[in-house]
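For reference, protein-v9.cif (mmCIF, C-alpha atoms):
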```cif
data_final
loop_
_atom_site.label_atom_id
_atom_site.label_comp_id
_atom_site.auth_asym_id
_atom_site.auth_seq_id
_atom_site.Cartn_x
_atom_site.Cartn_y
_atom_site.Cartn_z
CA MET A 1 206.99 254.79 -162.08
CA ARG A 2 208.62 253.01 -159.19
CA LYS A 3 209.65 256.33 -157.53
CA ALA A 4 208.79 256.62 -153.84
CA PHE A 5 206.33 253.77 -153.88
CA ALA A 6 208.75 250.87 -154.08
CA LEU A 7 208.97 249.58 -150.53
CA ALA A 8 211.98 247.83 -148.97
CA ALA A 9 213.78 245.09 -150.85
CA ALA A 10 211.22 242.50 -149.89
CA GLY A 11 208.35 244.62 -151.20
CA THR A 12 206.35 244.20 -148.02
CA LEU A 13 205.05 246.61 -145.46
CA THR A 14 205.85 245.62 -141.90
CA ALA A 15 204.56 246.95 -138.63
CA ALA A 16 207.90 248.58 -138.00
CA ALA A 17 207.54 250.63 -141.17
CA LEU A 18 204.30 252.00 -139.84
CA THR A 19 205.84 253.93 -136.98
CA GLY A 20 205.61 257.72 -137.31
CA CYS A 21 207.64 260.57 -135.84
CA GLY A 22 208.69 260.14 -132.22
CA GLY A 23 207.84 256.44 -132.30
CA LYS A 24 204.07 257.03 -132.53
CA GLN A 25 202.28 254.01 -133.93
CA ASP A 26 200.02 254.98 -136.84
CA ALA A 27 199.04 251.58 -138.24
CA ALA A 28 195.38 251.08 -139.07
CA THR A 29 193.48 249.92 -135.99
CA VAL A 30 191.13 246.99 -135.49
CA ASP A 31 187.41 247.66 -135.83
CA ALA A 32 185.93 248.49 -132.43
CA GLY A 33 182.30 248.32 -133.55
CA GLY A 34 179.83 251.15 -133.17
CA ASP A 35 178.49 253.55 -135.78
CA VAL A 36 180.48 254.23 -138.93
CA THR A 37 181.13 257.98 -139.14
CA CYS A 38 183.73 257.89 -141.95
CA ASN A 39 185.91 260.12 -139.78
CA VAL A 40 189.40 259.00 -138.77
CA ALA A 41 190.72 261.02 -135.83
CA ASN A 42 194.31 259.76 -135.64
CA ASP A 43 197.12 259.71 -138.18
CA THR A 44 196.82 256.38 -139.96
CA ARG A 45 199.12 254.94 -142.60
CA ILE A 46 198.13 251.97 -144.71
CA GLY A 47 200.00 249.79 -147.17
CA ILE A 48 198.51 248.82 -150.53
CA ALA A 49 199.54 245.57 -152.25
CA THR A 50 199.40 246.04 -156.03
CA GLY A 51 201.12 243.85 -158.66
CA ASN A 52 203.85 243.78 -161.31
CA ALA A 53 205.53 247.11 -162.08
CA THR A 54 204.22 247.34 -165.65
CA GLY A 55 200.68 246.20 -164.81
CA VAL A 56 197.44 248.08 -164.13
CA TYR A 57 197.34 247.16 -160.41
CA PHE A 58 200.65 248.97 -159.91
CA ALA A 59 199.58 252.06 -161.87
CA LEU A 60 196.22 252.34 -160.12
CA GLY A 61 197.61 251.43 -156.69
CA ASN A 62 200.15 254.22 -156.81
CA ALA A 63 197.56 256.70 -158.04
CA TYR A 64 195.13 255.55 -155.34
CA ALA A 65 197.77 256.08 -152.65
CA GLU A 66 198.38 259.61 -153.95
CA GLN A 67 194.67 260.42 -153.97
CA ILE A 68 194.17 259.12 -150.43
CA ALA A 69 196.80 261.63 -149.30
CA ALA A 70 195.30 264.36 -151.50
CA THR A 71 192.03 264.30 -149.57
CA GLY A 72 193.83 266.06 -146.70
CA GLY A 73 192.54 263.67 -144.05
CA LYS A 74 194.35 261.62 -141.43
CA VAL A 75 194.74 258.54 -143.65
CA LYS A 76 197.89 258.25 -145.77
CA ALA A 77 198.92 255.34 -147.97
CA THR A 78 201.92 253.76 -149.66
CA ALA A 79 201.68 251.34 -152.57
CA ALA A 80 204.13 248.49 -153.24
CA GLU A 81 204.98 246.26 -156.17
CA THR A 82 204.04 242.61 -155.48
CA GLY A 83 203.44 239.32 -157.24
CA ALA A 84 199.68 240.12 -157.23
CA SER A 85 196.48 238.31 -156.21
CA VAL A 86 197.34 235.18 -154.21
CA GLN A 87 200.46 236.68 -152.65
CA ASN A 88 198.54 239.90 -151.95
CA ILE A 89 195.86 238.03 -150.02
CA GLN A 90 198.40 236.06 -148.03
CA GLN A 91 200.29 239.20 -147.04
CA LEU A 92 197.05 241.07 -146.34
CA VAL A 93 195.95 238.40 -143.87
CA ALA A 94 199.46 238.37 -142.35
CA GLY A 95 199.15 242.10 -141.64
CA GLU A 96 201.91 243.14 -144.04
CA PHE A 97 199.41 245.22 -146.07
CA ASP A 98 196.04 246.75 -145.28
CA VAL A 99 194.54 246.88 -148.79
CA ALA A 100 195.07 244.41 -151.62
CA PHE A 101 194.17 244.29 -155.29
CA SER A 102 192.93 240.84 -156.28
CA LEU A 103 191.20 238.94 -159.04
CA ALA A 104 187.72 237.76 -158.08
CA ASP A 105 188.58 234.09 -158.66
CA SER A 106 191.53 234.22 -156.25
CA ALA A 107 189.42 236.14 -153.73
CA ALA A 108 186.67 233.52 -154.00
CA ASP A 109 189.22 230.77 -153.41
CA ALA A 110 190.42 232.67 -150.32
CA VAL A 111 187.03 233.04 -148.65
CA ASN A 112 186.12 229.45 -149.49
CA GLY A 113 189.49 228.01 -148.43
CA THR A 114 190.07 226.26 -151.77
CA ASN A 115 192.86 225.80 -154.33
CA SER A 116 195.75 228.06 -153.22
CA PHE A 117 194.25 228.42 -149.73
CA THR A 118 193.98 225.58 -147.22
CA SER A 119 191.55 227.42 -144.96
CA LYS A 120 189.00 230.23 -145.20
CA GLN A 121 190.72 233.61 -145.13
CA PRO A 122 189.39 236.53 -143.00
CA ILE A 123 189.03 239.04 -145.83
CA GLN A 124 186.29 241.34 -147.04
CA ALA A 125 185.91 243.75 -149.94
CA LEU A 126 185.85 247.51 -150.31
CA ALA A 127 184.41 247.35 -153.81
CA ARG A 128 184.44 245.64 -157.16
CA ILE A 129 186.72 247.67 -159.42
CA HIS A 130 187.87 247.18 -163.03
CA THR A 131 187.81 244.00 -165.12
CA ASN A 132 190.86 241.89 -165.94
CA TYR A 133 191.27 240.56 -169.47
CA THR A 134 193.11 237.28 -170.01
CA GLN A 135 195.72 238.25 -172.57
CA VAL A 136 197.32 235.24 -174.25
CA ILE A 137 200.03 236.15 -176.75
CA VAL A 138 202.31 233.88 -178.78
CA ARG A 139 205.36 234.40 -180.95
CA LYS A 140 204.36 233.71 -184.55
CA ALA A 141 207.60 231.81 -185.10
CA ALA A 142 206.59 229.29 -182.42
CA GLY A 143 203.72 228.01 -184.58
CA ILE A 144 201.18 227.97 -181.74
CA LYS A 145 197.60 228.20 -183.04
CA ASP A 146 195.69 227.36 -179.86
CA VAL A 147 196.36 226.67 -176.19
CA ALA A 148 196.68 222.92 -176.80
CA GLY A 149 199.51 223.82 -179.19
CA MET A 150 201.57 225.11 -176.26
CA LYS A 151 202.58 221.54 -175.39
CA GLY A 152 206.35 221.41 -175.04
CA LYS A 153 206.68 225.18 -175.46
CA ARG A 154 208.25 227.78 -173.19
CA VAL A 155 205.25 229.52 -171.64
CA SER A 156 205.24 232.36 -169.13
CA THR A 157 202.47 231.66 -166.63
CA GLY A 158 203.07 234.84 -164.61
CA SER A 159 204.63 235.60 -161.26
CA PRO A 160 204.47 232.90 -158.57
CA LYS A 161 201.30 233.22 -156.46
CA SER A 162 199.73 235.71 -158.88
CA GLY A 163 196.21 235.73 -160.26
CA THR A 164 197.78 235.36 -163.71
CA GLU A 165 199.37 232.08 -162.65
CA VAL A 166 196.04 230.83 -161.31
CA ILE A 167 194.14 231.49 -164.52
CA ALA A 168 197.04 230.39 -166.75
CA LYS A 169 197.07 226.96 -165.12
CA ARG A 170 193.30 226.72 -165.39
CA VAL A 171 193.29 227.66 -169.08
CA LEU A 172 196.05 225.12 -169.82
CA THR A 173 194.11 222.44 -167.91
CA ALA A 174 190.90 223.34 -169.78
CA ALA A 175 192.81 222.76 -173.03
CA GLY A 176 193.77 219.26 -171.91
CA LEU A 177 197.32 220.03 -170.81
CA ASN A 178 199.04 219.38 -167.50
CA PRO A 179 200.51 222.82 -166.64
CA ASP A 180 203.23 221.21 -164.50
CA LYS A 181 204.40 218.70 -167.10
CA ASP A 182 203.20 219.53 -170.61
CA VAL A 183 204.69 223.04 -170.94
CA GLN A 184 208.03 224.53 -169.97
CA ALA A 185 206.47 226.91 -167.45
CA GLN A 186 208.32 230.16 -166.89
CA ARG A 187 207.04 231.78 -163.66
CA LEU A 188 208.07 235.32 -164.54
CA ASP A 189 206.81 238.81 -163.84
CA LEU A 190 205.58 240.85 -166.77
CA VAL A 191 208.80 242.82 -167.30
CA LYS A 192 210.88 239.63 -167.69
CA THR A 193 208.11 238.00 -169.71
CA VAL A 194 208.00 240.82 -172.24
CA ASP A 195 211.80 240.78 -172.49
CA GLY A 196 211.67 237.03 -173.15
CA MET A 197 209.06 237.41 -175.86
CA LYS A 198 211.20 240.05 -177.53
CA ASP A 199 214.43 238.03 -177.48
CA GLY A 200 212.77 234.72 -178.38
CA SER A 201 213.46 232.89 -175.13
CA ILE A 202 209.71 232.61 -174.42
CA ASP A 203 207.18 231.24 -176.92
CA ALA A 204 203.93 232.36 -175.29
CA LEU A 205 202.63 234.36 -172.38
CA PHE A 206 199.59 234.57 -170.19
CA TRP A 207 198.69 237.87 -168.58
CA SER A 208 195.58 238.79 -166.62
CA GLY A 209 195.28 242.56 -166.42
CA GLY A 210 193.26 245.67 -167.13
CA LEU A 211 193.26 247.60 -170.39
CA PRO A 212 195.65 248.85 -171.39
CA THR A 213 198.44 247.04 -169.55
CA PRO A 214 201.63 249.10 -170.08
CA GLY A 215 203.87 246.04 -170.48
CA ILE A 216 201.62 244.55 -173.17
CA THR A 217 201.51 247.92 -174.91
CA ASP A 218 205.31 247.85 -174.98
CA LEU A 219 205.38 244.36 -176.50
CA LEU A 220 202.76 245.14 -179.14
CA THR A 221 204.45 248.43 -180.01
CA THR A 222 207.95 247.03 -180.48
CA SER A 223 207.15 243.54 -181.79
CA ALA A 224 203.72 243.75 -183.43
CA ASP A 225 204.84 241.84 -186.53
CA GLN A 226 206.30 239.01 -184.45
CA VAL A 227 203.49 238.23 -182.00
CA GLU A 228 199.74 237.63 -182.02
CA PHE A 229 196.84 237.12 -179.60
CA LEU A 230 195.05 233.78 -179.20
CA ASP A 231 191.28 233.54 -178.90
CA ILE A 232 190.69 231.33 -175.83
CA THR A 233 186.92 231.77 -175.49
CA GLY A 234 186.24 228.20 -176.60
CA LEU A 235 187.62 227.08 -173.22
CA LEU A 236 185.05 229.08 -171.21
CA PRO A 237 182.65 226.16 -170.49
CA GLU A 238 185.45 224.20 -168.78
CA LEU A 239 186.61 227.28 -166.85
CA LYS A 240 183.11 228.02 -165.57
CA LYS A 241 183.03 224.54 -164.05
CA ILE A 242 185.93 225.68 -161.86
CA ASN A 243 184.56 229.13 -161.02
CA PRO A 244 181.42 230.84 -162.38
CA VAL A 245 183.03 234.31 -162.25
CA TYR A 246 184.62 233.77 -165.67
CA GLU A 247 182.89 235.45 -168.64
CA THR A 248 183.65 236.36 -172.24
CA GLY A 249 184.90 239.82 -173.14
CA THR A 250 186.63 241.71 -175.93
CA ILE A 251 189.94 243.54 -176.15
CA PRO A 252 189.12 246.38 -178.56
CA ALA A 253 191.46 246.75 -181.52
CA THR A 254 192.16 250.32 -180.43
CA THR A 255 193.67 249.14 -177.14
CA TYR A 256 196.89 247.80 -178.63
CA LYS A 257 196.35 248.83 -182.27
CA THR A 258 195.65 245.26 -183.38
CA ALA A 259 194.07 244.48 -186.75
CA ALA A 260 190.79 243.41 -185.10
CA ASP A 261 189.09 243.06 -181.73
CA VAL A 262 190.33 240.09 -179.67
CA PRO A 263 187.72 237.86 -177.95
CA THR A 264 188.90 236.58 -174.59
CA ILE A 265 187.90 235.54 -171.06
CA VAL A 266 187.48 238.16 -168.35
CA VAL A 267 187.23 238.23 -164.57
CA PRO A 268 186.44 241.14 -162.20
CA ASN A 269 188.86 242.66 -159.70
CA PHE A 270 188.20 243.50 -156.05
CA LEU A 271 189.87 245.77 -153.53
CA LEU A 272 190.26 243.67 -150.38
CA VAL A 273 190.90 244.37 -146.68
CA ARG A 274 191.02 242.27 -143.52
CA GLU A 275 187.57 241.74 -142.08
CA ASN A 276 188.59 243.42 -138.79
CA LEU A 277 189.93 246.65 -140.33
CA ASP A 278 188.68 249.82 -138.57
CA ALA A 279 185.32 250.53 -140.24
CA ASN A 280 185.98 254.26 -140.44
CA VAL A 281 189.25 253.66 -142.28
CA ALA A 282 187.44 251.31 -144.66
CA CYS A 283 184.78 253.97 -145.20
CA VAL A 284 187.39 256.64 -146.03
CA LEU A 285 189.19 254.31 -148.43
CA THR A 286 186.00 253.38 -150.26
CA LYS A 287 184.72 256.94 -150.50
CA THR A 288 188.09 258.13 -151.84
CA LEU A 289 188.03 255.47 -154.56
CA PHE A 290 184.91 257.03 -156.05
CA ASP A 291 185.38 260.67 -155.12
CA ARG A 292 188.82 260.70 -156.78
CA LYS A 293 187.94 258.48 -159.75
CA PRO A 294 188.76 261.17 -162.37
CA GLN A 295 192.31 261.37 -161.02
CA LEU A 296 192.63 257.55 -161.11
CA GLU A 297 191.50 257.55 -164.74
CA GLN A 298 194.42 259.81 -165.56
CA ALA A 299 196.78 257.13 -164.22
CA ASN A 300 195.22 254.33 -166.27
CA ALA A 301 192.10 254.08 -168.43
CA ALA A 302 191.04 250.88 -166.62
CA ALA A 303 189.77 253.11 -163.80
CA LYS A 304 186.91 254.16 -166.06
CA GLN A 305 185.37 250.78 -165.28
CA ILE A 306 185.16 251.58 -161.56
CA THR A 307 181.47 252.40 -161.11
CA LEU A 308 178.98 252.71 -158.29
CA GLU A 309 176.64 250.46 -160.28
CA GLN A 310 179.13 247.58 -160.03
CA ALA A 311 180.71 248.41 -156.67
CA ARG A 312 178.63 246.06 -154.48
CA LYS A 313 178.99 243.05 -156.81
CA THR A 314 181.69 241.23 -154.84
CA ASP A 315 179.98 237.90 -154.14
CA PRO A 316 181.13 235.56 -152.63
CA VAL A 317 183.35 238.07 -150.82
CA VAL A 318 181.36 240.06 -148.24
CA LEU A 319 181.58 243.86 -148.34
CA HIS A 320 183.25 245.36 -145.26
CA ARG A 321 180.73 247.28 -143.14
CA GLY A 322 182.78 250.45 -143.58
CA ALA A 323 182.54 250.05 -147.34
CA VAL A 324 178.79 249.50 -147.06
CA ALA A 325 178.43 252.78 -145.15
CA ALA A 326 180.46 254.63 -147.79
CA LEU A 327 178.50 253.14 -150.68
CA ASP A 328 175.20 253.92 -148.93
CA GLY A 329 176.34 257.54 -148.57
CA LEU A 330 177.25 257.63 -152.28
CA ASN A 331 173.83 256.18 -153.20
CA ALA A 332 175.37 253.16 -154.88
CA PRO A 333 172.65 250.81 -156.22
CA LYS A 334 171.99 247.73 -154.07
#
```
Using structure tokens, write down the structure that the file contains.
Amino acid sequence: MRKAFALAAAGTLTAAALTGCGGKQDAATVDAGGDVTCNVANDTRIGIATGNATGVYFALGNAYAEQIAATGGKVKATAAETGASVQNIQQLVAGEFDVAFSLADSAADAVNGTNSFTSKQPIQALARIHTNYTQVIVRKAAGIKDVAGMKGKRVSTGSPKSGTEVIAKRVLTAAGLNPDKDVQAQRLDLVKTVDGMKDGSIDALFWSGGLPTPGITDLLTTSADQVEFLDITGLLPELKKINPVYETGTIPATTYKTAADVPTIVVPNFLLVRENLDANVACVLTKTLFDRKPQLEQANAAAKQITLEQARKTDPVVLHRGAVAALDGLNAPK
């Protein structure tokens, strides 16, 4: 899947990479105000920050980039593998990307200037998209029956500066553990995490992703008799004290062919942009998300959860005015 979408060794999109033929600059411009027409007159290339290579962000981000190009307009896009939410927001604000996938809790921290962010970040949303499911899996041989039982164990808490790492630390804290001292934290991407679960070098993993997540499908397909999900819903009251966006949800048994449905904790995802992004570019990006939804669903079933009914529900992150114009034109409920 990495094909043409893996950017540079650093996985970031710089201004230099946004220079077209003959040295023409085609980076997305700053919003100049005025009416939103949803028409972009000049060639414009944007970078999309996604997530781990075997996660839903990466699958949908690549498909989204393809569909932006398929509209035949002036806007083209390239998606890149990243560490996900927190890193995505940091690089979005730094101008290294123009669109970023993010969990709602990390986005809320960003606009409020809390937790991973020391000041309020100038970001806005294009739309609420699919829901992330907190997937907590343990090796049966490790004898872990609940999150508190992870004390002293080797636990993958996700990539550094990812939304998975944020929620993993919060879940561990809610269970009465110090995530920096009570577990042997392994800050690994999903590919290395799954490999570690298979070879026994990791006892448990946290993953926050859509359904199905390809990497989790791989683990459950090859090692179904050696691993099992944990039900973490009993920790929800403590998590909601940190951020009210957390809710209960269910991973259907059909998702990973488990013996039964798995109750868990869920959090929405947002597509984010800088607050000063050209409103017409933001309008095109938002409209494409919904106009090309059937094609996105072919890339990953999580795209089925992208709906106009949920699109505006991005509080506390403000919708970009270009996104508002697009959603108004699509008759999205207010």
When the PyMOL selection byres ((chain A and resi 133-147) around 8) is applied to the file above, which residues end up in the set, as a PDB file with C-alpha atoms, in the coordinates of the input?
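Writing the result to result38.pdb gives the following:
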```pdb
ATOM      1  CA  THR A 131     187.810 244.000-165.120  1.00  0.00           C
ATOM      2  CA  ASN A 132     190.860 241.890-165.940  1.00  0.00           C
ATOM      3  CA  ALA A 148     196.680 222.920-176.800  1.00  0.00           C
ATOM      4  CA  GLY A 149     199.510 223.820-179.190  1.00  0.00           C
ATOM      5  CA  MET A 150     201.570 225.110-176.260  1.00  0.00           C
ATOM      6  CA  VAL A 171     193.290 227.660-169.080  1.00  0.00           C
ATOM      7  CA  LEU A 172     196.050 225.120-169.820  1.00  0.00           C
ATOM      8  CA  ALA A 175     192.810 222.760-173.030  1.00  0.00           C
ATOM      9  CA  MET A 197     209.060 237.410-175.860  1.00  0.00           C
ATOM     10  CA  GLY A 200     212.770 234.720-178.380  1.00  0.00           C
ATOM     11  CA  ASP A 203     207.180 231.240-176.920  1.00  0.00           C
ATOM     12  CA  ALA A 204     203.930 232.360-175.290  1.00  0.00           C
ATOM     13  CA  LEU A 205     202.630 234.360-172.380  1.00  0.00           C
ATOM     14  CA  PHE A 206     199.590 234.570-170.190  1.00  0.00           C
ATOM     15  CA  TRP A 207     198.690 237.870-168.580  1.00  0.00           C
ATOM     16  CA  SER A 208     195.580 238.790-166.620  1.00  0.00           C
ATOM     17  CA  GLY A 209     195.280 242.560-166.420  1.00  0.00           C
ATOM     18  CA  GLY A 210     193.260 245.670-167.130  1.00  0.00           C
ATOM     19  CA  LEU A 211     193.260 247.600-170.390  1.00  0.00           C
ATOM     20  CA  GLN A 226     206.300 239.010-184.450  1.00  0.00           C
ATOM     21  CA  VAL A 227     203.490 238.230-182.000  1.00  0.00           C
ATOM     22  CA  GLU A 228     199.740 237.630-182.020  1.00  0.00           C
ATOM     23  CA  PHE A 229     196.840 237.120-179.600  1.00  0.00           C
ATOM     24  CA  LEU A 230     195.050 233.780-179.200  1.00  0.00           C
ATOM     25  CA  ASP A 231     191.280 233.540-178.900  1.00  0.00           C
ATOM     26  CA  ILE A 232     190.690 231.330-175.830  1.00  0.00           C
ATOM     27  CA  GLY A 249     184.900 239.820-173.140  1.00  0.00           C
ATOM     28  CA  ILE A 251     189.940 243.540-176.150  1.00  0.00           C
ATOM     29  CA  THR A 264     188.900 236.580-174.590  1.00  0.00           C
ATOM     30  CA  ILE A 265     187.900 235.540-171.060  1.00  0.00           C
ATOM     31  CA  VAL A 266     187.480 238.160-168.350  1.00  0.00           C
ATOM     32  CA  VAL A 267     187.230 238.230-164.570  1.00  0.00           C
TER      33      VAL A 267
END
```
For this session: Check what the PyMOL selection byres ((chain A and resi 31) around 10) selects in the file above and give those residues as a ChimeraX atom specification.
Result: /A:28-30,32-34,275-282,321-322
For this session: Scan for residues within 9 Å of the point (198.1, 227.5, -164.7) in the coordinates of the file, using all atoms listed in the file, and reply as a list in words.
Result: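 Selection result: Thr157, Gly158, Thr164, Glu165, Val166, Ile167, Ala168, Lys169, Arg170, Val171, Leu172, Thr173, Asn178, Pro179, Asp180 and Ala185 of chain A.
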Seminar exercise, completed: From CA of Leu92 (chain A) to CA of Leu308 (chain A) the spacing works out at 24.6 Å
Carefully work through the PyMOL selection byres ((chain A and resi 292) around 12) for this structure and note down the residues it includes, as a CSV table (one decimal) with C-alpha atoms, in the frame of the given file.
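Result file expr25.csv:
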```
chain,number,residue,atom,x,y,z
A,60,LEU,CA,196.2,252.3,-160.1
A,63,ALA,CA,197.6,256.7,-158.0
A,64,TYR,CA,195.1,255.6,-155.3
A,65,ALA,CA,197.8,256.1,-152.6
A,66,GLU,CA,198.4,259.6,-154.0
A,67,GLN,CA,194.7,260.4,-154.0
A,68,ILE,CA,194.2,259.1,-150.4
A,69,ALA,CA,196.8,261.6,-149.3
A,70,ALA,CA,195.3,264.4,-151.5
A,71,THR,CA,192.0,264.3,-149.6
A,284,VAL,CA,187.4,256.6,-146.0
A,285,LEU,CA,189.2,254.3,-148.4
A,286,THR,CA,186.0,253.4,-150.3
A,287,LYS,CA,184.7,256.9,-150.5
A,288,THR,CA,188.1,258.1,-151.8
A,289,LEU,CA,188.0,255.5,-154.6
A,290,PHE,CA,184.9,257.0,-156.0
A,291,ASP,CA,185.4,260.7,-155.1
A,293,LYS,CA,187.9,258.5,-159.8
A,294,PRO,CA,188.8,261.2,-162.4
A,295,GLN,CA,192.3,261.4,-161.0
A,296,LEU,CA,192.6,257.6,-161.1
A,297,GLU,CA,191.5,257.6,-164.7
A,298,GLN,CA,194.4,259.8,-165.6
A,299,ALA,CA,196.8,257.1,-164.2
A,303,ALA,CA,189.8,253.1,-163.8
A,304,LYS,CA,186.9,254.2,-166.1
A,306,ILE,CA,185.2,251.6,-161.6
A,307,THR,CA,181.5,252.4,-161.1
```
Seminar exercise, completed: From CA of Val318 (chain A) to CA of Gln121 (chain A) the spacing works out at 11.8 Å
For this session: Work out how far apart CA of Thr248 (chain A) and CA of Gly234 (chain A) are and give it in Å to one decimal.
Result: 9.6 Å
